[in-house]
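What follows is the content of data-v2.cif, which has mmCIF, N, CA and C atoms:
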data_coords
loop_
_atom_site.group_PDB
_atom_site.id
_atom_site.type_symbol
_atom_site.label_atom_id
_atom_site.label_comp_id
_atom_site.auth_asym_id
_atom_site.auth_seq_id
_atom_site.Cartn_x
_atom_site.Cartn_y
_atom_site.Cartn_z
ATOM 1 N N MET G 1 -36.261 -6.680 32.208
ATOM 2 C CA MET G 1 -37.265 -5.930 31.490
ATOM 3 C C MET G 1 -38.622 -6.540 31.829
ATOM 4 N N ILE G 2 -39.599 -5.679 32.103
ATOM 5 C CA ILE G 2 -40.971 -6.107 32.369
ATOM 6 C C ILE G 2 -41.812 -5.839 31.121
ATOM 7 N N VAL G 3 -42.508 -6.883 30.666
ATOM 8 C CA VAL G 3 -43.342 -6.795 29.469
ATOM 9 C C VAL G 3 -44.785 -7.106 29.865
ATOM 10 N N ARG G 4 -45.703 -6.261 29.425
ATOM 11 C CA ARG G 4 -47.127 -6.508 29.652
ATOM 12 C C ARG G 4 -47.768 -6.885 28.321
ATOM 13 N N ILE G 5 -48.538 -7.969 28.355
ATOM 14 C CA ILE G 5 -49.410 -8.304 27.228
ATOM 15 C C ILE G 5 -50.804 -7.882 27.672
ATOM 16 N N MET G 6 -51.362 -6.958 26.943
ATOM 17 C CA MET G 6 -52.662 -6.405 27.329
ATOM 18 C C MET G 6 -53.692 -7.531 27.487
ATOM 19 N N GLY G 7 -54.392 -7.486 28.603
ATOM 20 C CA GLY G 7 -55.422 -8.477 28.868
ATOM 21 C C GLY G 7 -54.915 -9.792 29.424
ATOM 22 N N GLU G 8 -53.583 -9.953 29.542
ATOM 23 C CA GLU G 8 -53.029 -11.215 30.033
ATOM 24 C C GLU G 8 -52.212 -11.065 31.297
ATOM 25 N N GLY G 9 -51.371 -10.047 31.372
ATOM 26 C CA GLY G 9 -50.520 -9.898 32.542
ATOM 27 C C GLY G 9 -49.120 -9.469 32.162
ATOM 28 N N GLN G 10 -48.202 -9.641 33.124
ATOM 29 C CA GLN G 10 -46.823 -9.185 32.945
ATOM 30 C C GLN G 10 -45.845 -10.349 33.042
ATOM 31 N N TRP G 11 -44.723 -10.203 32.319
ATOM 32 C CA TRP G 11 -43.639 -11.177 32.334
ATOM 33 C C TRP G 11 -42.332 -10.432 32.563
ATOM 34 N N LYS G 12 -41.444 -11.071 33.303
ATOM 35 C CA LYS G 12 -40.095 -10.519 33.499
ATOM 36 C C LYS G 12 -39.160 -11.282 32.575
ATOM 37 N N LEU G 13 -38.445 -10.529 31.734
ATOM 38 C CA LEU G 13 -37.515 -11.128 30.780
ATOM 39 C C LEU G 13 -36.122 -10.570 31.005
ATOM 40 N N ALA G 14 -35.140 -11.426 30.825
ATOM 41 C CA ALA G 14 -33.750 -10.990 30.902
ATOM 42 C C ALA G 14 -33.455 -10.083 29.714
ATOM 43 N N ASP G 15 -32.612 -9.093 29.934
ATOM 44 C CA ASP G 15 -32.231 -8.176 28.855
ATOM 45 C C ASP G 15 -31.587 -8.913 27.680
ATOM 46 N N SER G 16 -31.051 -10.092 27.932
ATOM 47 C CA SER G 16 -30.407 -10.865 26.859
ATOM 48 C C SER G 16 -31.401 -11.305 25.781
ATOM 49 N N HIS G 17 -32.687 -11.252 26.058
ATOM 50 C CA HIS G 17 -33.711 -11.648 25.076
ATOM 51 C C HIS G 17 -34.163 -10.479 24.204
ATOM 52 N N PHE G 18 -33.663 -9.296 24.492
ATOM 53 C CA PHE G 18 -34.081 -8.098 23.771
ATOM 54 C C PHE G 18 -33.862 -8.236 22.264
ATOM 55 N N ALA G 19 -32.725 -8.781 21.854
ATOM 56 C CA ALA G 19 -32.411 -8.883 20.416
ATOM 57 C C ALA G 19 -33.439 -9.747 19.683
ATOM 58 N N GLU G 20 -33.824 -10.867 20.277
ATOM 59 C CA GLU G 20 -34.809 -11.744 19.642
ATOM 60 C C GLU G 20 -36.164 -11.037 19.514
ATOM 61 N N LEU G 21 -36.577 -10.360 20.580
ATOM 62 C CA LEU G 21 -37.847 -9.642 20.537
ATOM 63 C C LEU G 21 -37.791 -8.487 19.542
ATOM 64 N N ASN G 22 -36.662 -7.808 19.473
ATOM 65 C CA ASN G 22 -36.511 -6.688 18.553
ATOM 66 C C ASN G 22 -36.575 -7.149 17.099
ATOM 67 N N THR G 23 -36.014 -8.316 16.806
ATOM 68 C CA THR G 23 -36.084 -8.875 15.454
ATOM 69 C C THR G 23 -37.538 -9.114 15.055
ATOM 70 N N LEU G 24 -38.300 -9.708 15.961
ATOM 71 C CA LEU G 24 -39.723 -9.945 15.677
ATOM 72 C C LEU G 24 -40.475 -8.625 15.523
ATOM 73 N N ASP G 25 -40.132 -7.646 16.338
ATOM 74 C CA ASP G 25 -40.763 -6.328 16.239
ATOM 75 C C ASP G 25 -40.475 -5.693 14.882
ATOM 76 N N ASP G 26 -39.243 -5.803 14.402
ATOM 77 C CA ASP G 26 -38.892 -5.262 13.085
ATOM 78 C C ASP G 26 -39.705 -5.928 11.987
ATOM 79 N N GLU G 27 -39.872 -7.262 12.076
ATOM 80 C CA GLU G 27 -40.679 -7.990 11.098
ATOM 81 C C GLU G 27 -42.129 -7.517 11.146
ATOM 82 N N LEU G 28 -42.652 -7.359 12.363
ATOM 83 C CA LEU G 28 -44.035 -6.921 12.533
ATOM 84 C C LEU G 28 -44.244 -5.537 11.927
ATOM 85 N N LEU G 29 -43.306 -4.649 12.164
ATOM 86 C CA LEU G 29 -43.395 -3.298 11.625
ATOM 87 C C LEU G 29 -43.393 -3.312 10.094
ATOM 88 N N ALA G 30 -42.525 -4.118 9.497
ATOM 89 C CA ALA G 30 -42.465 -4.215 8.036
ATOM 90 C C ALA G 30 -43.770 -4.769 7.467
ATOM 91 N N GLU G 31 -44.341 -5.769 8.131
ATOM 92 C CA GLU G 31 -45.604 -6.346 7.658
ATOM 93 C C GLU G 31 -46.748 -5.339 7.791
ATOM 94 N N MET G 32 -46.708 -4.563 8.853
ATOM 95 C CA MET G 32 -47.738 -3.543 9.020
ATOM 96 C C MET G 32 -47.620 -2.476 7.944
ATOM 97 N N GLU G 33 -46.406 -2.019 7.698
ATOM 98 C CA GLU G 33 -46.191 -0.993 6.673
ATOM 99 C C GLU G 33 -46.603 -1.491 5.299
ATOM 100 N N GLY G 34 -46.422 -2.787 5.059
ATOM 101 C CA GLY G 34 -46.790 -3.376 3.777
ATOM 102 C C GLY G 34 -48.237 -3.827 3.705
ATOM 103 N N GLY G 35 -48.979 -3.702 4.808
ATOM 104 C CA GLY G 35 -50.374 -4.132 4.821
ATOM 105 C C GLY G 35 -50.545 -5.638 4.746
ATOM 106 N N ASP G 36 -49.528 -6.392 5.160
ATOM 107 C CA ASP G 36 -49.555 -7.859 5.107
ATOM 108 C C ASP G 36 -50.255 -8.402 6.353
ATOM 109 N N ASP G 37 -51.576 -8.530 6.289
ATOM 110 C CA ASP G 37 -52.345 -8.963 7.445
ATOM 111 C C ASP G 37 -51.978 -10.380 7.883
ATOM 112 N N THR G 38 -51.750 -11.274 6.933
ATOM 113 C CA THR G 38 -51.387 -12.650 7.269
ATOM 114 C C THR G 38 -50.044 -12.688 7.991
ATOM 115 N N GLY G 39 -49.064 -11.977 7.452
ATOM 116 C CA GLY G 39 -47.750 -11.911 8.093
ATOM 117 C C GLY G 39 -47.829 -11.242 9.450
ATOM 118 N N PHE G 40 -48.635 -10.187 9.549
ATOM 119 C CA PHE G 40 -48.834 -9.483 10.808
ATOM 120 C C PHE G 40 -49.360 -10.432 11.878
ATOM 121 N N ARG G 41 -50.393 -11.206 11.557
ATOM 122 C CA ARG G 41 -50.969 -12.165 12.504
ATOM 123 C C ARG G 41 -49.919 -13.181 12.955
ATOM 124 N N ARG G 42 -49.179 -13.707 11.996
ATOM 125 C CA ARG G 42 -48.162 -14.727 12.291
ATOM 126 C C ARG G 42 -47.083 -14.151 13.216
ATOM 127 N N THR G 43 -46.573 -12.969 12.875
ATOM 128 C CA THR G 43 -45.470 -12.385 13.633
ATOM 129 C C THR G 43 -45.925 -11.879 14.994
ATOM 130 N N LEU G 44 -47.121 -11.306 15.082
ATOM 131 C CA LEU G 44 -47.634 -10.900 16.388
ATOM 132 C C LEU G 44 -47.743 -12.117 17.304
ATOM 133 N N GLY G 45 -48.261 -13.212 16.770
ATOM 134 C CA GLY G 45 -48.350 -14.450 17.557
ATOM 135 C C GLY G 45 -46.977 -14.932 17.999
ATOM 136 N N ALA G 46 -45.998 -14.859 17.104
ATOM 137 C CA ALA G 46 -44.638 -15.289 17.445
ATOM 138 C C ALA G 46 -44.028 -14.387 18.516
ATOM 139 N N LEU G 47 -44.277 -13.078 18.424
ATOM 140 C CA LEU G 47 -43.756 -12.141 19.415
ATOM 141 C C LEU G 47 -44.364 -12.412 20.792
ATOM 142 N N LEU G 48 -45.674 -12.591 20.842
ATOM 143 C CA LEU G 48 -46.336 -12.877 22.112
ATOM 144 C C LEU G 48 -45.887 -14.225 22.673
ATOM 145 N N ASP G 49 -45.756 -15.229 21.802
ATOM 146 C CA ASP G 49 -45.278 -16.544 22.249
ATOM 147 C C ASP G 49 -43.859 -16.466 22.800
ATOM 148 N N ALA G 50 -43.010 -15.649 22.180
ATOM 149 C CA ALA G 50 -41.633 -15.499 22.651
ATOM 150 C C ALA G 50 -41.606 -14.900 24.057
ATOM 151 N N VAL G 51 -42.450 -13.909 24.295
ATOM 152 C CA VAL G 51 -42.515 -13.305 25.635
ATOM 153 C C VAL G 51 -42.953 -14.359 26.644
ATOM 154 N N ARG G 52 -43.966 -15.122 26.304
ATOM 155 C CA ARG G 52 -44.468 -16.150 27.228
ATOM 156 C C ARG G 52 -43.427 -17.242 27.465
ATOM 157 N N ARG G 53 -42.702 -17.611 26.406
ATOM 158 C CA ARG G 53 -41.721 -18.699 26.483
ATOM 159 C C ARG G 53 -40.459 -18.278 27.226
ATOM 160 N N LEU G 54 -39.988 -17.064 26.955
ATOM 161 C CA LEU G 54 -38.719 -16.602 27.505
ATOM 162 C C LEU G 54 -38.859 -15.940 28.872
ATOM 163 N N GLY G 55 -40.063 -15.474 29.171
ATOM 164 C CA GLY G 55 -40.262 -14.709 30.394
ATOM 165 C C GLY G 55 -40.780 -15.538 31.542
ATOM 166 N N GLU G 56 -40.690 -14.932 32.704
ATOM 167 C CA GLU G 56 -41.249 -15.516 33.918
ATOM 168 C C GLU G 56 -42.481 -14.699 34.277
ATOM 169 N N PRO G 57 -43.662 -15.341 34.309
ATOM 170 C CA PRO G 57 -44.874 -14.569 34.610
ATOM 171 C C PRO G 57 -44.818 -13.992 36.025
ATOM 172 N N LEU G 58 -45.249 -12.758 36.147
ATOM 173 C CA LEU G 58 -45.359 -12.128 37.456
ATOM 174 C C LEU G 58 -46.724 -12.498 38.047
ATOM 175 N N PRO G 59 -46.826 -12.537 39.366
ATOM 176 C CA PRO G 59 -48.124 -12.845 39.980
ATOM 177 C C PRO G 59 -49.190 -11.846 39.525
ATOM 178 N N ASP G 60 -50.425 -12.296 39.465
ATOM 179 C CA ASP G 60 -51.523 -11.447 39.012
ATOM 180 C C ASP G 60 -51.675 -10.183 39.856
ATOM 181 N N ASP G 61 -51.309 -10.261 41.129
ATOM 182 C CA ASP G 61 -51.470 -9.094 41.992
ATOM 183 C C ASP G 61 -50.274 -8.148 41.942
ATOM 184 N N ALA G 62 -49.241 -8.512 41.182
ATOM 185 C CA ALA G 62 -48.074 -7.637 41.022
ATOM 186 C C ALA G 62 -48.403 -6.558 39.997
ATOM 187 N N LEU G 63 -47.972 -5.357 40.288
ATOM 188 C CA LEU G 63 -48.166 -4.268 39.339
ATOM 189 C C LEU G 63 -46.859 -3.506 39.220
ATOM 190 N N GLU G 64 -46.001 -3.976 38.340
ATOM 191 C CA GLU G 64 -44.696 -3.373 38.095
ATOM 192 C C GLU G 64 -44.809 -2.444 36.888
ATOM 193 N N PRO G 65 -43.995 -1.391 36.845
ATOM 194 C CA PRO G 65 -43.978 -0.559 35.639
ATOM 195 C C PRO G 65 -43.488 -1.390 34.446
ATOM 196 N N SER G 66 -44.240 -1.362 33.366
ATOM 197 C CA SER G 66 -43.888 -2.139 32.176
ATOM 198 C C SER G 66 -43.039 -1.291 31.241
ATOM 199 N N GLU G 67 -41.911 -1.859 30.806
ATOM 200 C CA GLU G 67 -41.068 -1.168 29.836
ATOM 201 C C GLU G 67 -41.574 -1.381 28.419
ATOM 202 N N LEU G 68 -42.416 -2.372 28.258
ATOM 203 C CA LEU G 68 -42.956 -2.714 26.948
ATOM 204 C C LEU G 68 -44.386 -3.189 27.136
ATOM 205 N N ILE G 69 -45.296 -2.661 26.332
ATOM 206 C CA ILE G 69 -46.691 -3.085 26.371
ATOM 207 C C ILE G 69 -47.046 -3.598 24.990
ATOM 208 N N LEU G 70 -47.479 -4.857 24.943
ATOM 209 C CA LEU G 70 -47.841 -5.499 23.678
ATOM 210 C C LEU G 70 -49.354 -5.646 23.595
ATOM 211 N N PRO G 71 -49.891 -5.644 22.378
ATOM 212 C CA PRO G 71 -51.338 -5.760 22.206
ATOM 213 C C PRO G 71 -51.832 -7.174 22.509
ATOM 214 N N THR G 72 -53.138 -7.290 22.605
ATOM 215 C CA THR G 72 -53.754 -8.608 22.776
ATOM 216 C C THR G 72 -53.533 -9.432 21.512
ATOM 217 N N PRO G 73 -53.597 -10.751 21.624
ATOM 218 C CA PRO G 73 -53.392 -11.598 20.444
ATOM 219 C C PRO G 73 -54.391 -11.352 19.324
ATOM 220 N N ASP G 74 -55.572 -10.865 19.667
ATOM 221 C CA ASP G 74 -56.598 -10.648 18.645
ATOM 222 C C ASP G 74 -56.669 -9.206 18.148
ATOM 223 N N ALA G 75 -55.667 -8.399 18.503
ATOM 224 C CA ALA G 75 -55.647 -7.002 18.044
ATOM 225 C C ALA G 75 -55.553 -6.955 16.520
ATOM 226 N N SER G 76 -56.251 -6.006 15.948
ATOM 227 C CA SER G 76 -56.208 -5.845 14.491
ATOM 228 C C SER G 76 -54.953 -5.083 14.074
ATOM 229 N N LEU G 77 -54.617 -5.199 12.823
ATOM 230 C CA LEU G 77 -53.473 -4.472 12.275
ATOM 231 C C LEU G 77 -53.654 -2.975 12.524
ATOM 232 N N GLU G 78 -54.861 -2.466 12.330
ATOM 233 C CA GLU G 78 -55.130 -1.041 12.527
ATOM 234 C C GLU G 78 -54.978 -0.632 13.994
ATOM 235 N N GLU G 79 -55.435 -1.464 14.910
ATOM 236 C CA GLU G 79 -55.290 -1.163 16.338
ATOM 237 C C GLU G 79 -53.817 -1.074 16.736
ATOM 238 N N VAL G 80 -53.023 -1.977 16.209
ATOM 239 C CA VAL G 80 -51.594 -1.977 16.542
ATOM 240 C C VAL G 80 -50.905 -0.788 15.885
ATOM 241 N N ARG G 81 -51.324 -0.412 14.700
ATOM 242 C CA ARG G 81 -50.764 0.791 14.056
ATOM 243 C C ARG G 81 -50.922 2.002 14.965
ATOM 244 N N GLU G 82 -52.070 2.093 15.604
ATOM 245 C CA GLU G 82 -52.332 3.218 16.499
ATOM 246 C C GLU G 82 -51.429 3.198 17.731
ATOM 247 N N MET G 83 -50.998 2.003 18.159
ATOM 248 C CA MET G 83 -50.135 1.876 19.336
ATOM 249 C C MET G 83 -48.686 2.246 19.041
ATOM 250 N N LEU G 84 -48.312 2.135 17.778
ATOM 251 C CA LEU G 84 -46.908 2.264 17.405
ATOM 252 C C LEU G 84 -46.407 3.697 17.390
ATOM 253 N N SER G 85 -45.151 3.805 17.764
ATOM 254 C CA SER G 85 -44.407 5.036 17.485
ATOM 255 C C SER G 85 -43.554 4.713 16.270
ATOM 256 N N ASP G 86 -42.693 5.604 15.872
ATOM 257 C CA ASP G 86 -41.807 5.340 14.740
ATOM 258 C C ASP G 86 -40.844 4.197 15.005
ATOM 259 N N ASP G 87 -40.646 3.854 16.284
ATOM 260 C CA ASP G 87 -39.676 2.818 16.641
ATOM 261 C C ASP G 87 -40.267 1.432 16.743
ATOM 262 N N GLY G 88 -41.555 1.252 16.516
ATOM 263 C CA GLY G 88 -42.152 -0.049 16.674
ATOM 264 C C GLY G 88 -42.642 -0.247 18.099
ATOM 265 N N LEU G 89 -43.029 -1.463 18.430
ATOM 266 C CA LEU G 89 -43.547 -1.767 19.744
ATOM 267 C C LEU G 89 -42.434 -1.768 20.791
ATOM 268 N N ILE G 90 -41.254 -2.150 20.381
ATOM 269 C CA ILE G 90 -40.124 -2.247 21.308
ATOM 270 C C ILE G 90 -39.239 -1.047 21.114
ATOM 271 N N PRO G 91 -39.114 -0.192 22.125
ATOM 272 C CA PRO G 91 -38.253 0.983 21.977
ATOM 273 C C PRO G 91 -36.813 0.570 21.707
ATOM 274 N N GLY G 92 -36.168 1.247 20.784
ATOM 275 C CA GLY G 92 -34.803 0.893 20.422
ATOM 276 C C GLY G 92 -33.885 1.720 21.167
#
Now, as a test, write the supplied structure out as structure tokens.
Amino acid sequence: MIVRIMGEGQWKLADSHFAELNTLDDELLAEMEGGDDTGFRRTLGALLDAVRRLGEPLPDDALEPSELILPTPDASLEEVREMLSDDGLIPG
């Protein structure tokens, strides 16, 4: 799976990491629905850190189709709400 973090680049992650990322996505969605800005910030940071930790960065000149696009670390709760579909950031 190829994941893009907006403004940072792309990472290649094994499909085996999908469950961990999906758990964080579910938490993020619940915090957004509840208007929990503090929880949203914490979980967005954890989701982005997980991608960086578990993935292998692609070269800057690589442009692969991304199966998942995540917001920048400083994205607001409202900006991320606009990015979401009913399924969250990670398609189920």
- Message: Once the PyMOL selection byres (((chain G and resi 33 and name CA) around 12) and name CA) has been evaluated on this model, what residues remain selected, and can you format them as a VMD selection string?
- Response: chain G and resid 26 to 32 34 to 37 39 to 40 77 to 78 80 to 81 84 86 88
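Separating atom N of G:Gly45 from atom CA of G:Pro73 is a distance of 6.5 Å.
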- Using DSSP on the backbone, list every residue of stretch 5-86 of chain G that comes out as strand (DSSP E), and give them as number ranges by chain. G: 5, 9-12, 56-57, 68-70
- Task: Considering only N, CA and C atoms, state which residue in the set G:Leu54, G:Ile2, G:Glu67, G:Leu44 is at the smallest distance from G:His17.
- Result: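 Nearest to G:His17: G:Leu54.
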Can you pull out the residues contacting G:Leu21? Cut-off 8 Å, using only N, CA and C atoms, and skip same-chain residues under 6 positions away; I want them as a PDB file with N, CA and C atoms, in the coordinates of the input.
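In the end it all went to selection04.pdb:
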ATOM      1  N   GLU G  27     -39.872  -7.262  12.076  1.00  0.00           N
ATOM      2  CA  GLU G  27     -40.679  -7.990  11.098  1.00  0.00           C
ATOM      3  C   GLU G  27     -42.129  -7.517  11.146  1.00  0.00           C
ATOM      4  N   LEU G  47     -44.277 -13.078  18.424  1.00  0.00           N
ATOM      5  CA  LEU G  47     -43.756 -12.141  19.415  1.00  0.00           C
ATOM      6  C   LEU G  47     -44.364 -12.412  20.792  1.00  0.00           C
ATOM      7  N   ALA G  50     -43.010 -15.649  22.180  1.00  0.00           N
ATOM      8  CA  ALA G  50     -41.633 -15.499  22.651  1.00  0.00           C
ATOM      9  C   ALA G  50     -41.606 -14.900  24.057  1.00  0.00           C
ATOM     10  N   VAL G  51     -42.450 -13.909  24.295  1.00  0.00           N
ATOM     11  CA  VAL G  51     -42.515 -13.305  25.635  1.00  0.00           C
ATOM     12  C   VAL G  51     -42.953 -14.359  26.644  1.00  0.00           C
ATOM     13  N   ILE G  90     -41.254  -2.150  20.381  1.00  0.00           N
ATOM     14  CA  ILE G  90     -40.124  -2.247  21.308  1.00  0.00           C
ATOM     15  C   ILE G  90     -39.239  -1.047  21.114  1.00  0.00           C
TER      16      ILE G  90
END
So that each row is one residue of stretch 21-76 of chain G with an atom at most 9 Å from stretch 7-14 of chain G, can you give its shortest atom pair and the distance in Å to one decimal, using only C-alpha atoms, rows by chain and rising number, as JSON lines?
{"residue": "G:Val51", "atom": "CA", "partner": "G:Trp11", "partner_atom": "CA", "distance": 7.1}
{"residue": "G:Arg52", "atom": "CA", "partner": "G:Trp11", "partner_atom": "CA", "distance": 7.2}
{"residue": "G:Leu54", "atom": "CA", "partner": "G:Leu13", "partner_atom": "CA", "distance": 6.5}
{"residue": "G:Gly55", "atom": "CA", "partner": "G:Leu13", "partner_atom": "CA", "distance": 4.5}
{"residue": "G:Glu56", "atom": "CA", "partner": "G:Lys12", "partner_atom": "CA", "distance": 5.1}
{"residue": "G:Pro57", "atom": "CA", "partner": "G:Trp11", "partner_atom": "CA", "distance": 4.3}
{"residue": "G:Leu58", "atom": "CA", "partner": "G:Trp11", "partner_atom": "CA", "distance": 5.5}
{"residue": "G:Pro59", "atom": "CA", "partner": "G:Gln10", "partner_atom": "CA", "distance": 8.0}
{"residue": "G:Asp60", "atom": "CA", "partner": "G:Gly9", "partner_atom": "CA", "distance": 6.7}
{"residue": "G:Ala62", "atom": "CA", "partner": "G:Gln10", "partner_atom": "CA", "distance": 8.3}
{"residue": "G:Leu63", "atom": "CA", "partner": "G:Gln10", "partner_atom": "CA", "distance": 8.2}
{"residue": "G:Glu64", "atom": "CA", "partner": "G:Gln10", "partner_atom": "CA", "distance": 8.1}
{"residue": "G:Ser66", "atom": "CA", "partner": "G:Gln10", "partner_atom": "CA", "distance": 7.7}
{"residue": "G:Ile69", "atom": "CA", "partner": "G:Gln10", "partner_atom": "CA", "distance": 9.0}
{"residue": "G:Pro71", "atom": "CA", "partner": "G:Gly7", "partner_atom": "CA", "distance": 8.3}
{"residue": "G:Thr72", "atom": "CA", "partner": "G:Gly7", "partner_atom": "CA", "distance": 6.3}
